[in-house]
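Since the structure comes first, as structure tokens, the remarks are kept for the end.
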Amino acid sequence: MATDTLMIGNGIKKRVIQTGTGTSVNLADRVKVHYEGYVDSSGECFDSTRALDAPLEFIVGEGKVLPSFDKAIQSMHVGEHAEIWIDGNHAYGKQGRPPTIPANAALRFDVTLLSASQSENSPAKILDSVMTLKATGNVLYQDGQVSDALKQYDKAKTLAYKFVGGSPEQQRQLDDTLVSIMANMAACCLKAQDWPQCIIHCEAVLEKDPAHVKSYYRLGQAHLQTKAFEDAMQSVQRGLKCAPSDPSLLALSAQIDRRRAEWNSSNKKKFKSLFG
């Protein structure tokens with residue numbers, strides 16, 4: 001069923017001729033379309049995939065087509081048949097595309113979206129892969145394979161930073177997952193007694209989630225193991241501001257006080273033996 005003509009972006013209008021019932025299109029999806037392109041003022045056809053029986057296939061956002069055409073495709077669903085108008089400023093502008101498209105010409109496209117699928121770099125595909133790598137790391141960690149778990153978490157974190165252009169919900173899910181991955185990396189480093197890396201991962205978590213209590217606890221433990229007592233206590237105190245009655249933090253606070261007293265006492269004895 002045809003719909004009214006709607007603005008879908010700067011200089012871009014669309015009228016749906018036949019509603020699509022398939023999936024929607026996301027940035028970095030691989031799509032296949034049939035289209036005819038016309039100079040709007042003259043009605044002259046300058047390009048047609050249907051005439052050649054050769055659909056155009058491209059990855060959305062990769063730059064193979066006009067940015068305005070890219071934008072219009074992202075508003076479609078698989079199976080949709082639509083007319084799309086692009087004004088001269090958002091088509092080929094002053095230079096046109098001689099000899100078929102004059103300068104500043106507005107264009108009209110008759111488009112059918114034949115298919116859309118996730119490419120390796122699509123936001124949905126990246127998010128799915130990150131979640132899979134994290135789950136694999138969790139299983140390895142639970143089995144005591146800490147080093148292998150850390151490798152999976154590191155792959156997941158690296159892949160997460162390639163995420164671009166997802167929906168707000170996908171971005172929220174990715175951010176939450178990334179915090180969890182970095183917290184798990186800190187746990188791995190704590191078990192491996194890699195105190196500097198544990199500190200780095202904990203600080204990265206707390207930068208994104210200042211209320212992550214477990215990271216304050218691990219950060220305090222790592223500082224304690226390097227005998228950085230003030231930093232250890234400061235980490236605990238930051239955590240207690242978020243969770244004043246957390247038993248793990250309270251126990252760690254007492255442990256830091258005890259270890260610091262033992263350290264000071266030992267140093268005093270050494271000092272006396274040297275100069276007594």
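How things are named: the first chain in the structure tokens is A, the next is B, and so on; residues count from 1 in each chain; ligands count from 1 in the order shown.
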
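Using only C-alpha atoms, the residues found no farther than 12 Å from Lys214 (chain A), other than those of its own chain fewer than 5 positions away, are Val179, Ser180, Met182, Ala183, Asn184, Ala186, Ala187, His201, Cys202, Glu203, Val205, Leu206, Asp209, Leu219, Gly220, Gln221, Ser235, Val236, Arg238, Gly239, Leu240, Cys242, Ala243, Asp246, Pro247, Ser248, Leu249 and Leu252 of chain A.
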
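Closest approach to Val213 (chain A) among A:Arg50, A:Lys241, A:Lys227, A:Arg259 is made by A:Lys241 (distances from only C-alpha atoms).
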
Please provide the set of residues having any atom within 10 Å of His223 (chain A), restricted to only C-alpha atoms, with same-chain residues fewer than 2 positions apart removed, written as an NGL selection string. :A and (195-196 or 198-199 or 218-221 or 225-235 or 256)

Do you know which residues are at most 8 Å from region 174-178 of chain A counting only C-alpha atoms, after dropping those on the same chain fewer than 2 positions away, and could you put them as a PDB file with N, CA and C atoms, in the first residue's frame?
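New file part_0.pdb:
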```pdb
ATOM      1  N   LEU A 127      28.403  -6.970  18.259  1.00  0.00           N
ATOM      2  CA  LEU A 127      27.857  -7.171  19.599  1.00  0.00           C
ATOM      3  C   LEU A 127      27.688  -8.655  19.899  1.00  0.00           C
ATOM      4  N   MET A 131      29.730 -10.801  22.834  1.00  0.00           N
ATOM      5  CA  MET A 131      29.030 -11.584  23.850  1.00  0.00           C
ATOM      6  C   MET A 131      29.503 -13.044  23.849  1.00  0.00           C
ATOM      7  N   LYS A 157      37.272  -7.343  24.190  1.00  0.00           N
ATOM      8  CA  LYS A 157      37.455  -5.905  24.409  1.00  0.00           C
ATOM      9  C   LYS A 157      37.942  -5.209  23.142  1.00  0.00           C
ATOM     10  N   ALA A 160      35.118  -4.927  20.716  1.00  0.00           N
ATOM     11  CA  ALA A 160      34.095  -3.976  21.168  1.00  0.00           C
ATOM     12  C   ALA A 160      34.420  -2.553  20.721  1.00  0.00           C
ATOM     13  N   GLN A 170      21.610  -1.034  21.587  1.00  0.00           N
ATOM     14  CA  GLN A 170      22.814  -1.825  21.326  1.00  0.00           C
ATOM     15  C   GLN A 170      24.023  -1.193  21.998  1.00  0.00           C
ATOM     16  N   GLN A 171      24.124   0.147  21.954  1.00  0.00           N
ATOM     17  CA  GLN A 171      25.246   0.835  22.592  1.00  0.00           C
ATOM     18  C   GLN A 171      25.225   0.623  24.100  1.00  0.00           C
ATOM     19  N   ARG A 172      24.028   0.696  24.707  1.00  0.00           N
ATOM     20  CA  ARG A 172      23.912   0.475  26.150  1.00  0.00           C
ATOM     21  C   ARG A 172      24.338  -0.948  26.501  1.00  0.00           C
ATOM     22  N   SER A 180      31.725  -5.372  32.198  1.00  0.00           N
ATOM     23  CA  SER A 180      31.824  -6.724  32.735  1.00  0.00           C
ATOM     24  C   SER A 180      33.093  -7.432  32.268  1.00  0.00           C
ATOM     25  N   ILE A 181      33.445  -7.246  30.998  1.00  0.00           N
ATOM     26  CA  ILE A 181      34.657  -7.870  30.445  1.00  0.00           C
ATOM     27  C   ILE A 181      35.906  -7.346  31.158  1.00  0.00           C
ATOM     28  N   MET A 182      35.989  -6.039  31.330  1.00  0.00           N
ATOM     29  CA  MET A 182      37.177  -5.466  31.974  1.00  0.00           C
ATOM     30  C   MET A 182      37.250  -5.867  33.445  1.00  0.00           C
TER      31      MET A 182
END
```

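The residue that comes closest to Arg30 (chain A), out of A:Ser75, A:Thr49, A:Asn104, A:Ser122 and on the basis of only C-alpha atoms, is A:Ser122.
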
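The two atoms in question, CA of Ala204 (chain A) and CA of Ala254 (chain A), are spaced 25.7 Å apart.
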
Write out as number ranges by chain the set of residues from region 75-210 of chain A that DSSP, computed on the backbone, places in alpha helix (DSSP H). A: 123-142, 146-160, 168-191, 195-208

Quick check for you: according to DSSP on this backbone, which residues of region 100-198 of chain A are classed as strand (DSSP E)? Reply as an MDAnalysis selection string. chainID A and resid 107:118

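Proximity ranking of A:Lys208, A:Tyr92, A:His34, A:Leu140 relative to Phe58 (chain A) places A:His34 first, based on only C-alpha atoms.
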
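The smallest atom-to-atom distance between Phe163 (chain A) and any of A:Pro55, A:Pro123, A:Pro210, A:Gly93, using only C-alpha atoms, is found for A:Pro123.
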
Residues within 10 Å of Ala135 (chain A), please, as a PDB file with N, CA and C atoms, in the first residue's frame. Count only C-alpha atoms; anything in the same chain fewer than 3 positions from it doesn't count.
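Result saved to out-v1.pdb:
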```
ATOM      1  N   SER A 129      29.359 -11.150  18.562  1.00  0.00           N
ATOM      2  CA  SER A 129      30.682 -11.772  18.697  1.00  0.00           C
ATOM      3  C   SER A 129      31.323 -11.436  20.036  1.00  0.00           C
ATOM      4  N   VAL A 130      31.150 -10.197  20.493  1.00  0.00           N
ATOM      5  CA  VAL A 130      31.684  -9.789  21.799  1.00  0.00           C
ATOM      6  C   VAL A 130      31.053 -10.621  22.910  1.00  0.00           C
ATOM      7  N   MET A 131      29.730 -10.801  22.834  1.00  0.00           N
ATOM      8  CA  MET A 131      29.030 -11.584  23.850  1.00  0.00           C
ATOM      9  C   MET A 131      29.503 -13.044  23.849  1.00  0.00           C
ATOM     10  N   THR A 132      29.743 -13.587  22.657  1.00  0.00           N
ATOM     11  CA  THR A 132      30.201 -14.968  22.541  1.00  0.00           C
ATOM     12  C   THR A 132      31.603 -15.136  23.138  1.00  0.00           C
ATOM     13  N   ASN A 138      34.222 -16.745  30.273  1.00  0.00           N
ATOM     14  CA  ASN A 138      33.621 -17.100  31.566  1.00  0.00           C
ATOM     15  C   ASN A 138      33.757 -18.597  31.859  1.00  0.00           C
ATOM     16  N   VAL A 139      33.520 -19.409  30.830  1.00  0.00           N
ATOM     17  CA  VAL A 139      33.626 -20.861  31.001  1.00  0.00           C
ATOM     18  C   VAL A 139      35.067 -21.251  31.339  1.00  0.00           C
ATOM     19  N   LEU A 140      36.015 -20.678  30.619  1.00  0.00           N
ATOM     20  CA  LEU A 140      37.426 -20.976  30.871  1.00  0.00           C
ATOM     21  C   LEU A 140      37.835 -20.541  32.275  1.00  0.00           C
ATOM     22  N   TYR A 141      37.371 -19.384  32.703  1.00  0.00           N
ATOM     23  CA  TYR A 141      37.705 -18.883  34.041  1.00  0.00           C
ATOM     24  C   TYR A 141      37.166 -19.821  35.122  1.00  0.00           C
ATOM     25  N   ALA A 149      41.280 -17.677  29.572  1.00  0.00           N
ATOM     26  CA  ALA A 149      40.111 -16.814  29.760  1.00  0.00           C
ATOM     27  C   ALA A 149      40.478 -15.366  29.471  1.00  0.00           C
ATOM     28  N   GLN A 152      40.522 -14.555  25.812  1.00  0.00           N
ATOM     29  CA  GLN A 152      39.186 -14.391  25.234  1.00  0.00           C
ATOM     30  C   GLN A 152      38.603 -13.023  25.598  1.00  0.00           C
ATOM     31  N   TYR A 153      38.784 -12.615  26.842  1.00  0.00           N
ATOM     32  CA  TYR A 153      38.296 -11.302  27.264  1.00  0.00           C
ATOM     33  C   TYR A 153      39.005 -10.184  26.503  1.00  0.00           C
ATOM     34  N   ALA A 156      37.568  -9.922  23.096  1.00  0.00           N
ATOM     35  CA  ALA A 156      36.244  -9.308  23.172  1.00  0.00           C
ATOM     36  C   ALA A 156      36.352  -7.792  23.328  1.00  0.00           C
ATOM     37  N   ILE A 181      33.445  -7.246  30.998  1.00  0.00           N
ATOM     38  CA  ILE A 181      34.657  -7.870  30.445  1.00  0.00           C
ATOM     39  C   ILE A 181      35.906  -7.346  31.158  1.00  0.00           C
TER      40      ILE A 181
END
```

Non-local contacts of Thr21 (chain A) (7 Å; only C-alpha atoms; under 3 positions in same chain excluded) as number ranges by chain: A: 77-79

Kindly export the residues of the current selection with N, CA, C and O atoms, as a PDB file, in the first residue's frame.
```pdb
ATOM      1  N   HIS A  77      12.805  -1.592   4.786  1.00  0.00           N
ATOM      2  CA  HIS A  77      12.759  -2.983   5.228  1.00  0.00           C
ATOM      3  C   HIS A  77      12.833  -3.887   3.995  1.00  0.00           C
ATOM      4  O   HIS A  77      12.405  -3.495   2.904  1.00  0.00           O
ATOM      5  N   VAL A  78      13.374  -5.077   4.169  1.00  0.00           N
ATOM      6  CA  VAL A  78      13.499  -6.009   3.053  1.00  0.00           C
ATOM      7  C   VAL A  78      12.117  -6.258   2.448  1.00  0.00           C
ATOM      8  O   VAL A  78      11.140  -6.507   3.154  1.00  0.00           O
ATOM      9  N   GLY A  79      12.052  -6.199   1.100  1.00  0.00           N
ATOM     10  CA  GLY A  79      10.796  -6.366   0.386  1.00  0.00           C
ATOM     11  C   GLY A  79      10.118  -5.052   0.067  1.00  0.00           C
ATOM     12  O   GLY A  79       9.166  -5.012  -0.726  1.00  0.00           O
TER      13      GLY A  79
END
```

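Of the residues under consideration (A:Glu57, A:Asp128, A:Glu169, A:Glu262), A:Glu57 shows the shortest atom-to-atom contact distance to Tyr35 (chain A) when counting only C-alpha atoms.
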
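Interatomic distance, CA of Pro99 (chain A) to CA of Lys32 (chain A): 26.7 Å.
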
What lies within 12 Å of Ser42 (chain A) using only C-alpha atoms, ignoring chain neighbours under 4 positions off, as a CSV table (one decimal) with N, CA and C atoms, in the first residue's frame?
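Written output follows (selection.csv):
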```csv
chain,number,residue,atom,x,y,z
A,37,GLY,N,17.3,5.1,-11.7
A,37,GLY,CA,17.5,6.4,-11.3
A,37,GLY,C,17.1,7.4,-12.4
A,38,TYR,N,16.4,8.5,-12.0
A,38,TYR,CA,15.9,9.4,-13.0
A,38,TYR,C,16.3,10.8,-12.6
A,46,PHE,N,18.9,7.6,-16.0
A,46,PHE,CA,20.3,7.6,-16.2
A,46,PHE,C,21.0,6.3,-15.7
A,100,THR,N,25.0,12.6,-18.2
A,100,THR,CA,23.6,12.2,-18.0
A,100,THR,C,22.9,13.0,-16.9
A,101,ILE,N,23.7,13.6,-15.9
A,101,ILE,CA,23.1,14.3,-14.8
A,101,ILE,C,23.6,15.7,-14.8
A,102,PRO,N,22.7,16.7,-15.0
A,102,PRO,CA,23.1,18.1,-15.1
A,102,PRO,C,23.5,18.6,-13.7
A,105,ALA,N,21.1,18.9,-10.3
A,105,ALA,CA,19.8,18.2,-10.6
A,105,ALA,C,19.3,17.4,-9.4
A,106,ALA,N,18.0,17.5,-9.2
A,106,ALA,CA,17.4,16.6,-8.2
A,106,ALA,C,17.2,15.3,-8.9
A,107,LEU,N,17.3,14.2,-8.1
A,107,LEU,CA,17.1,12.8,-8.6
A,107,LEU,C,16.0,12.1,-8.0
A,108,ARG,N,15.4,11.2,-8.7
A,108,ARG,CA,14.4,10.3,-8.2
A,108,ARG,C,14.8,8.9,-8.5
```
